[in-house]
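First the structure, in the form of structure tokens, and then the observations on it.
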Amino acid sequence: MTAPDPTAPATVPFASAGRATASIRRRVLAAALLVLALAALAFIAFIHSYARRAADQAYDRLLTASALTIAGAVLVEEGRVTVELPYAALAMLGSGGDRIYYQVEAPDGALVTGYGDLAEELPAVRSAETVFADSSFHGEAVRVASIGRLISASNAAGWVTIRVAETRGARTALASEIVSRAVLPLIGILLLALALVWFGVQRAFAPLTTVEAALRDRAPQDLSPLAAPVPAEVSQLVAALNDFMRRLASVMNALSGVVADAAHQVRTPLASLRAQAEVALDERDYQALHERVTKIHRNAVHASELVSQLLMEATLTHRLESRESALIPIADLVEDVTRRFDPDEARRLAVTILPALAGACLKGDRLALQEMLRNLAGNALLYAPGSAVEIMAGRTAEGRLLIRICDRGPGIPEAEKETVLQRFQRGHAGAGTVGSGLGLPIARTVAQAHGGSLSLHDRPGGGLEVRLELPLAPEQAKGRAGSRRGAVAPALAALAIAAGLTIGSPLDGTAQAGSRLYPAPVPGGPTLSILGTTDTPQFELLIQDFQELRPDVSVTYEETDTLPLYQRTQENQLDTDVDLLVSSAADLQVKLANDGHALAHASPLLPVLPAWASWRSEIFGFTFEPIVIVYNRTLVPDAQAPHSHLALTELLEKETDRFRGKVATYDIGKSGVGHLLAAQDAQISSNFWRLTRALGRADVRLSGSSPAILEGIASGSLALGYNVLGSYAYARQRLDKRIGIVIPDDYALILTRVMLVPRWANQPDLGRAFIDYALSPRGQAVVAGQAALGSIVPGTPGGWTAERISAASRGVLQPITLGPALLVALDQERKARFLATWRQLVTDGSR
């Protein structure tokens, strides 16, 4: 048998290198199976929940349609609520054999028709929004849709509650069908996923086998980079392995160099020591023996210094390769170095650190930096005996740390400055002085490893100046208190108005039609084009505040009326591309969006808006404006002012001659917002046509805008104004106390101005940015303050807010909800009949 070669490298199986663990393949497959199982369970739970919600949503739409159909049939006859149940209201339900129940309750809770005991636990509804609830009726689970219908029959308004309920049979069947049809494909997908995972795991581990084979075939001394072709995911592992081998090779080379240099450099002093000792053994003369011992001591000191420096160099090489670092205050570093010298030498060190470096730090290896400074200071003390050595720390022009070590020694000739920075090289000045020739090279290596430099210079007046430049650690960021935009002027809060509210800056009350350019404070940016119906003096407050946030944006604003804005947009006859449309005719804006003329905008501020003030993420309301009755206090004393729609009707009927030609309202045939308000009044109030007839008998004067009506009230040519925008009325009242304002006690419509970005906008992102600004706390503060349009977002500070408007009203505030319901009044046939009836009553009412 042949004995094994003791010099051959031992082959150690990979499994024996560490504790064996479970197969990665098995762990991956087990984890994949667990994840897929949990995902399947979660998906089934989600599908079950989704199926139930989808079934509810589908059938809830039918319930809503049924309830709205019944609500549309609610009438007030002789002060009594009646309803003639439409056939379609119940015919659209019960397709799956479910039972149908309904109920109509008067504002006082009395049953009008239907099942009196339906959903007795549910409260009465005080909103036109549909409310859904799950309940039980006659022992069966039912889904109940409840909706309110605001009616006005006298000086007070009330809500009729309509409920429609349906058993859940069809919903449960639909949900079960959705779940069953989704689970079977899910099982197939799970099996396919497991097969793909198994195949993928086998393929994924193939590159690791290649890397293993390449490493096994290598010689122990081969530390060259691994060049095996691997995928991107394994390449990171190979790159880390190559980096480790590169650093290992660097350390091995450095240690080999240190060992070789040590063997070469230490051999000479040790040989000299041996020779001197052998001669000393045979020496009999005391004086000669003393000289021999002195030489032995000098060589021993030299050998000791050399070994110490070699060991320190090896230590620093390892530490620098390990890249250890910490934040080291400069003052602490210098103090640590000075403490390492004996007291006599330390007294010769004069240390100066500029105040600008107070608290400044270096980032690096503390031991390496200490050894660097100790070598430089030690050399200066050694070569300049008896004189002071100065250590000065400051900053360079580039902001780096500059340390200067200055002595009054013999210095180093220019020709030797580069030589002495090489290992084991010494200048002529070092002859006869113990040294290893490693101090300066070690110092330069440490400086370069920390991103700095070391240079030697002649000191004026004689001596040597060593300059160290090192990068300072970045200073920690200091918090700064940001400047905040000031609030509106305090004087605005003191302005009193009739309803106990405050408004913003004064307006002249006259519309400034036409286009106006607002140049950007910082020229060169884009231009935002806005077409709107809001008076220019009011809207420019928003524009100017928006430009404070976006000083690079120029803005053009063209003021127009509601119907021309709608017609020009529908017919694509705008003179220029417009980026934002703003109109008080909410129904016309809904129509534009419904007809595909608006771009969607996922505004992050949408959640702060009331649900009624947006639709399809395409149109956004940003104001809260009550519709009011205005009067001239000279012609109509406050005590005679009508405080409800019925009171206005009765006043005009009783004193027709007094008010003939002295009453004004919107011309609903020419004003989009006028038609919207009239259509809403007709839907809510049973007295609408009676009021219209009374207006006609009084020879009502028709106008296209609220400011024009207010101008007539202020001048005395008009005594009463009906359906005037409250924002304009309160702003004008501040200028003219002859104007009186009434928020009707029965009900008051709430209008919101609506913004949308048209689909052909040149700068759609700028239009969206203005929408976000108008809905933001800053924009709403302007709306609630200086612009006096009424903020719609709850919690906005200011004098003209939804909360303060609500508190000032004694009746029901009914917001005009943005949505498809507004399209009903715009139906061509319905609108034509409505306008014809209205014109006949207004123009022929006196006959």
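Residues in the structure tokens are numbered from 1 in each chain, the chains being A, B, ... in the order shown, and ligands are numbered from 1 in the order shown.
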
Test item: residues at most 12 Å from Pro123 (chain A), only C-alpha atoms, excluding those fewer than 5 positions along its chain, as a ChimeraX atom specification
/A:105,107,109,118,131-133,146-148,161-163

So that I have them on file, write out the residues from the current selection with C-alpha atoms, as a tab-separated table (two decimals), in the first residue's frame.
```tsv
chain	number	residue	atom	x	y	z
A	105	GLU	CA	-93.65	57.50	5.33
A	107	PRO	CA	-92.31	63.68	7.25
A	109	GLY	CA	-93.67	59.45	10.43
A	118	LEU	CA	-91.05	47.17	7.41
A	131	VAL	CA	-78.98	54.18	2.27
A	132	PHE	CA	-78.71	50.37	2.26
A	133	ALA	CA	-79.20	48.07	5.24
A	146	SER	CA	-84.02	53.80	1.85
A	147	ILE	CA	-84.14	57.21	0.20
A	148	GLY	CA	-85.47	60.63	1.16
A	161	THR	CA	-88.96	58.35	3.52
A	162	ILE	CA	-89.26	55.69	0.82
A	163	ARG	CA	-88.11	52.12	1.52
```

Applying 10 Å and only C-alpha atoms, which residues near Ser455 (chain A) remain after dropping the ones on its own chain fewer than 3 positions away? List them as number ranges by chain.
A: 404, 417-418, 421, 444, 465-469

Taking only C-alpha atoms into account, which of A:Gly790, A:Pro460, A:Pro815, A:Pro526 comes nearest Thr556 (chain A)?
A:Pro526

Sel. of alpha helix (DSSP H) residues, region 724-803 of chain A, as a ChimeraX atom specification
/A:726-735,764-775,777-784,802-803

Suppose we keep C-alpha atoms; can you now write the selection as a PDB file, in the first residue's frame?
```pdb
ATOM      1  CA  GLY A 726     -75.725  83.805  -1.699  1.00  0.00           C
ATOM      2  CA  SER A 727     -72.010  84.338  -2.325  1.00  0.00           C
ATOM      3  CA  TYR A 728     -72.704  87.366  -4.538  1.00  0.00           C
ATOM      4  CA  ALA A 729     -75.460  88.639  -2.239  1.00  0.00           C
ATOM      5  CA  TYR A 730     -73.385  88.691   0.949  1.00  0.00           C
ATOM      6  CA  ALA A 731     -70.408  90.262  -0.817  1.00  0.00           C
ATOM      7  CA  ARG A 732     -72.625  93.048  -2.205  1.00  0.00           C
ATOM      8  CA  GLN A 733     -74.427  93.536   1.126  1.00  0.00           C
ATOM      9  CA  ARG A 734     -71.135  94.528   2.727  1.00  0.00           C
ATOM     10  CA  LEU A 735     -70.896  97.429   0.287  1.00  0.00           C
ATOM     11  CA  PRO A 764     -54.229  68.755 -18.476  1.00  0.00           C
ATOM     12  CA  ASP A 765     -51.764  68.312 -15.615  1.00  0.00           C
ATOM     13  CA  LEU A 766     -51.962  72.049 -14.861  1.00  0.00           C
ATOM     14  CA  GLY A 767     -55.761  71.815 -14.844  1.00  0.00           C
ATOM     15  CA  ARG A 768     -55.567  68.903 -12.409  1.00  0.00           C
ATOM     16  CA  ALA A 769     -53.053  70.840 -10.277  1.00  0.00           C
ATOM     17  CA  PHE A 770     -55.494  73.771 -10.004  1.00  0.00           C
ATOM     18  CA  ILE A 771     -58.284  71.381  -8.950  1.00  0.00           C
ATOM     19  CA  ASP A 772     -56.039  69.979  -6.221  1.00  0.00           C
ATOM     20  CA  TYR A 773     -55.162  73.506  -5.124  1.00  0.00           C
ATOM     21  CA  ALA A 774     -58.821  74.586  -4.960  1.00  0.00           C
ATOM     22  CA  LEU A 775     -59.671  71.561  -2.780  1.00  0.00           C
ATOM     23  CA  PRO A 777     -56.696  73.615   2.829  1.00  0.00           C
ATOM     24  CA  ARG A 778     -54.928  76.631   1.331  1.00  0.00           C
ATOM     25  CA  GLY A 779     -57.352  77.013  -1.586  1.00  0.00           C
ATOM     26  CA  GLN A 780     -60.380  76.441   0.632  1.00  0.00           C
ATOM     27  CA  ALA A 781     -59.100  79.126   3.014  1.00  0.00           C
ATOM     28  CA  VAL A 782     -59.210  81.637   0.129  1.00  0.00           C
ATOM     29  CA  VAL A 783     -62.697  80.427  -0.845  1.00  0.00           C
ATOM     30  CA  ALA A 784     -63.876  80.815   2.773  1.00  0.00           C
ATOM     31  CA  ALA A 802     -70.292  75.281   5.188  1.00  0.00           C
ATOM     32  CA  GLU A 803     -70.458  74.967   8.973  1.00  0.00           C
TER      33      GLU A 803
END
```

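Counting only C-alpha atoms, the residue from A:Ser235, A:Gln828, A:Thr752, A:Asn155 that sits nearest to Ser685 (chain A) is A:Asn155.
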
Excluding Leu677 (chain A) and any residue of its chain fewer than 5 positions from it, enumerate the residues within 12 Å of it, using only C-alpha atoms, and give them as an mmCIF file with C-alpha atoms, in the first residue's frame.
```
data_model
loop_
_atom_site.group_PDB
_atom_site.id
_atom_site.type_symbol
_atom_site.label_atom_id
_atom_site.label_comp_id
_atom_site.auth_asym_id
_atom_site.auth_seq_id
_atom_site.Cartn_x
_atom_site.Cartn_y
_atom_site.Cartn_z
ATOM 1 C CA SER A 584 -72.045 77.202 -11.490
ATOM 2 C CA ALA A 585 -74.440 75.225 -13.740
ATOM 3 C CA ALA A 586 -73.727 71.871 -12.123
ATOM 4 C CA ASP A 587 -76.176 69.971 -14.341
ATOM 5 C CA PRO A 626 -76.873 78.930 -0.499
ATOM 6 C CA ILE A 627 -79.617 80.191 -2.797
ATOM 7 C CA VAL A 628 -81.301 83.154 -1.120
ATOM 8 C CA THR A 665 -85.221 86.232 -11.006
ATOM 9 C CA TYR A 666 -83.139 84.226 -13.470
ATOM 10 C CA ASP A 667 -84.274 83.841 -17.047
ATOM 11 C CA ILE A 668 -84.086 80.037 -17.040
ATOM 12 C CA GLY A 669 -84.176 79.932 -20.810
ATOM 13 C CA SER A 671 -79.168 80.992 -17.773
ATOM 14 C CA GLY A 672 -77.960 77.479 -17.121
ATOM 15 C CA ALA A 682 -90.010 72.134 -8.946
ATOM 16 C CA GLN A 683 -88.828 68.754 -7.687
ATOM 17 C CA ILE A 684 -88.891 69.748 -4.009
ATOM 18 C CA SER A 685 -91.699 72.252 -3.599
ATOM 19 C CA PHE A 688 -93.248 76.009 -7.290
ATOM 20 C CA TYR A 722 -85.646 85.346 -6.053
ATOM 21 C CA ASN A 723 -83.077 82.509 -6.344
ATOM 22 C CA VAL A 724 -79.967 84.697 -6.036
ATOM 23 C CA LEU A 725 -76.545 83.160 -5.354
ATOM 24 C CA ALA A 748 -82.548 76.398 0.831
ATOM 25 C CA LEU A 749 -80.752 74.908 -2.146
ATOM 26 C CA ILE A 750 -76.970 74.641 -1.877
ATOM 27 C CA LEU A 751 -75.062 75.164 -5.119
ATOM 28 C CA THR A 752 -71.440 74.197 -5.724
ATOM 29 C CA GLN A 814 -80.469 70.770 0.366
ATOM 30 C CA PRO A 815 -77.223 70.401 -1.640
ATOM 31 C CA ILE A 816 -77.648 69.834 -5.363
ATOM 32 C CA LEU A 822 -79.353 65.988 -12.893
ATOM 33 C CA ALA A 825 -84.117 67.873 -16.169
#
```

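Here CA of Leu823 (chain A) stands at a distance of 7.4 Å from CA of Val590 (chain A).
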
Would you please extract all strand (DSSP E or B) residues from region 577-620 of chain A, as assigned by DSSP on the backbone, and give them as a list in words?
Leu580, Leu581, Val582, Ser583, Ala598, Leu599, Ser614, Trp615, Ile619 and Phe620 of chain A

So that I have them on file, write out the residues from the current selection with C-alpha atoms, as an mmCIF file, in the first residue's frame.
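Written file, selection02.cif:
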```cif
data_model
loop_
_atom_site.group_PDB
_atom_site.id
_atom_site.type_symbol
_atom_site.label_atom_id
_atom_site.label_comp_id
_atom_site.auth_asym_id
_atom_site.auth_seq_id
_atom_site.Cartn_x
_atom_site.Cartn_y
_atom_site.Cartn_z
ATOM 1 C CA LEU A 580 -60.075 73.946 -17.030
ATOM 2 C CA LEU A 581 -63.824 74.639 -17.143
ATOM 3 C CA VAL A 582 -65.478 76.230 -14.074
ATOM 4 C CA SER A 583 -69.256 76.688 -14.002
ATOM 5 C CA ALA A 598 -63.970 65.424 -19.296
ATOM 6 C CA LEU A 599 -60.707 63.779 -18.272
ATOM 7 C CA SER A 614 -68.055 64.913 -7.100
ATOM 8 C CA TRP A 615 -68.847 62.364 -9.784
ATOM 9 C CA ILE A 619 -66.153 66.777 -11.963
ATOM 10 C CA PHE A 620 -65.404 68.398 -8.623
#
```
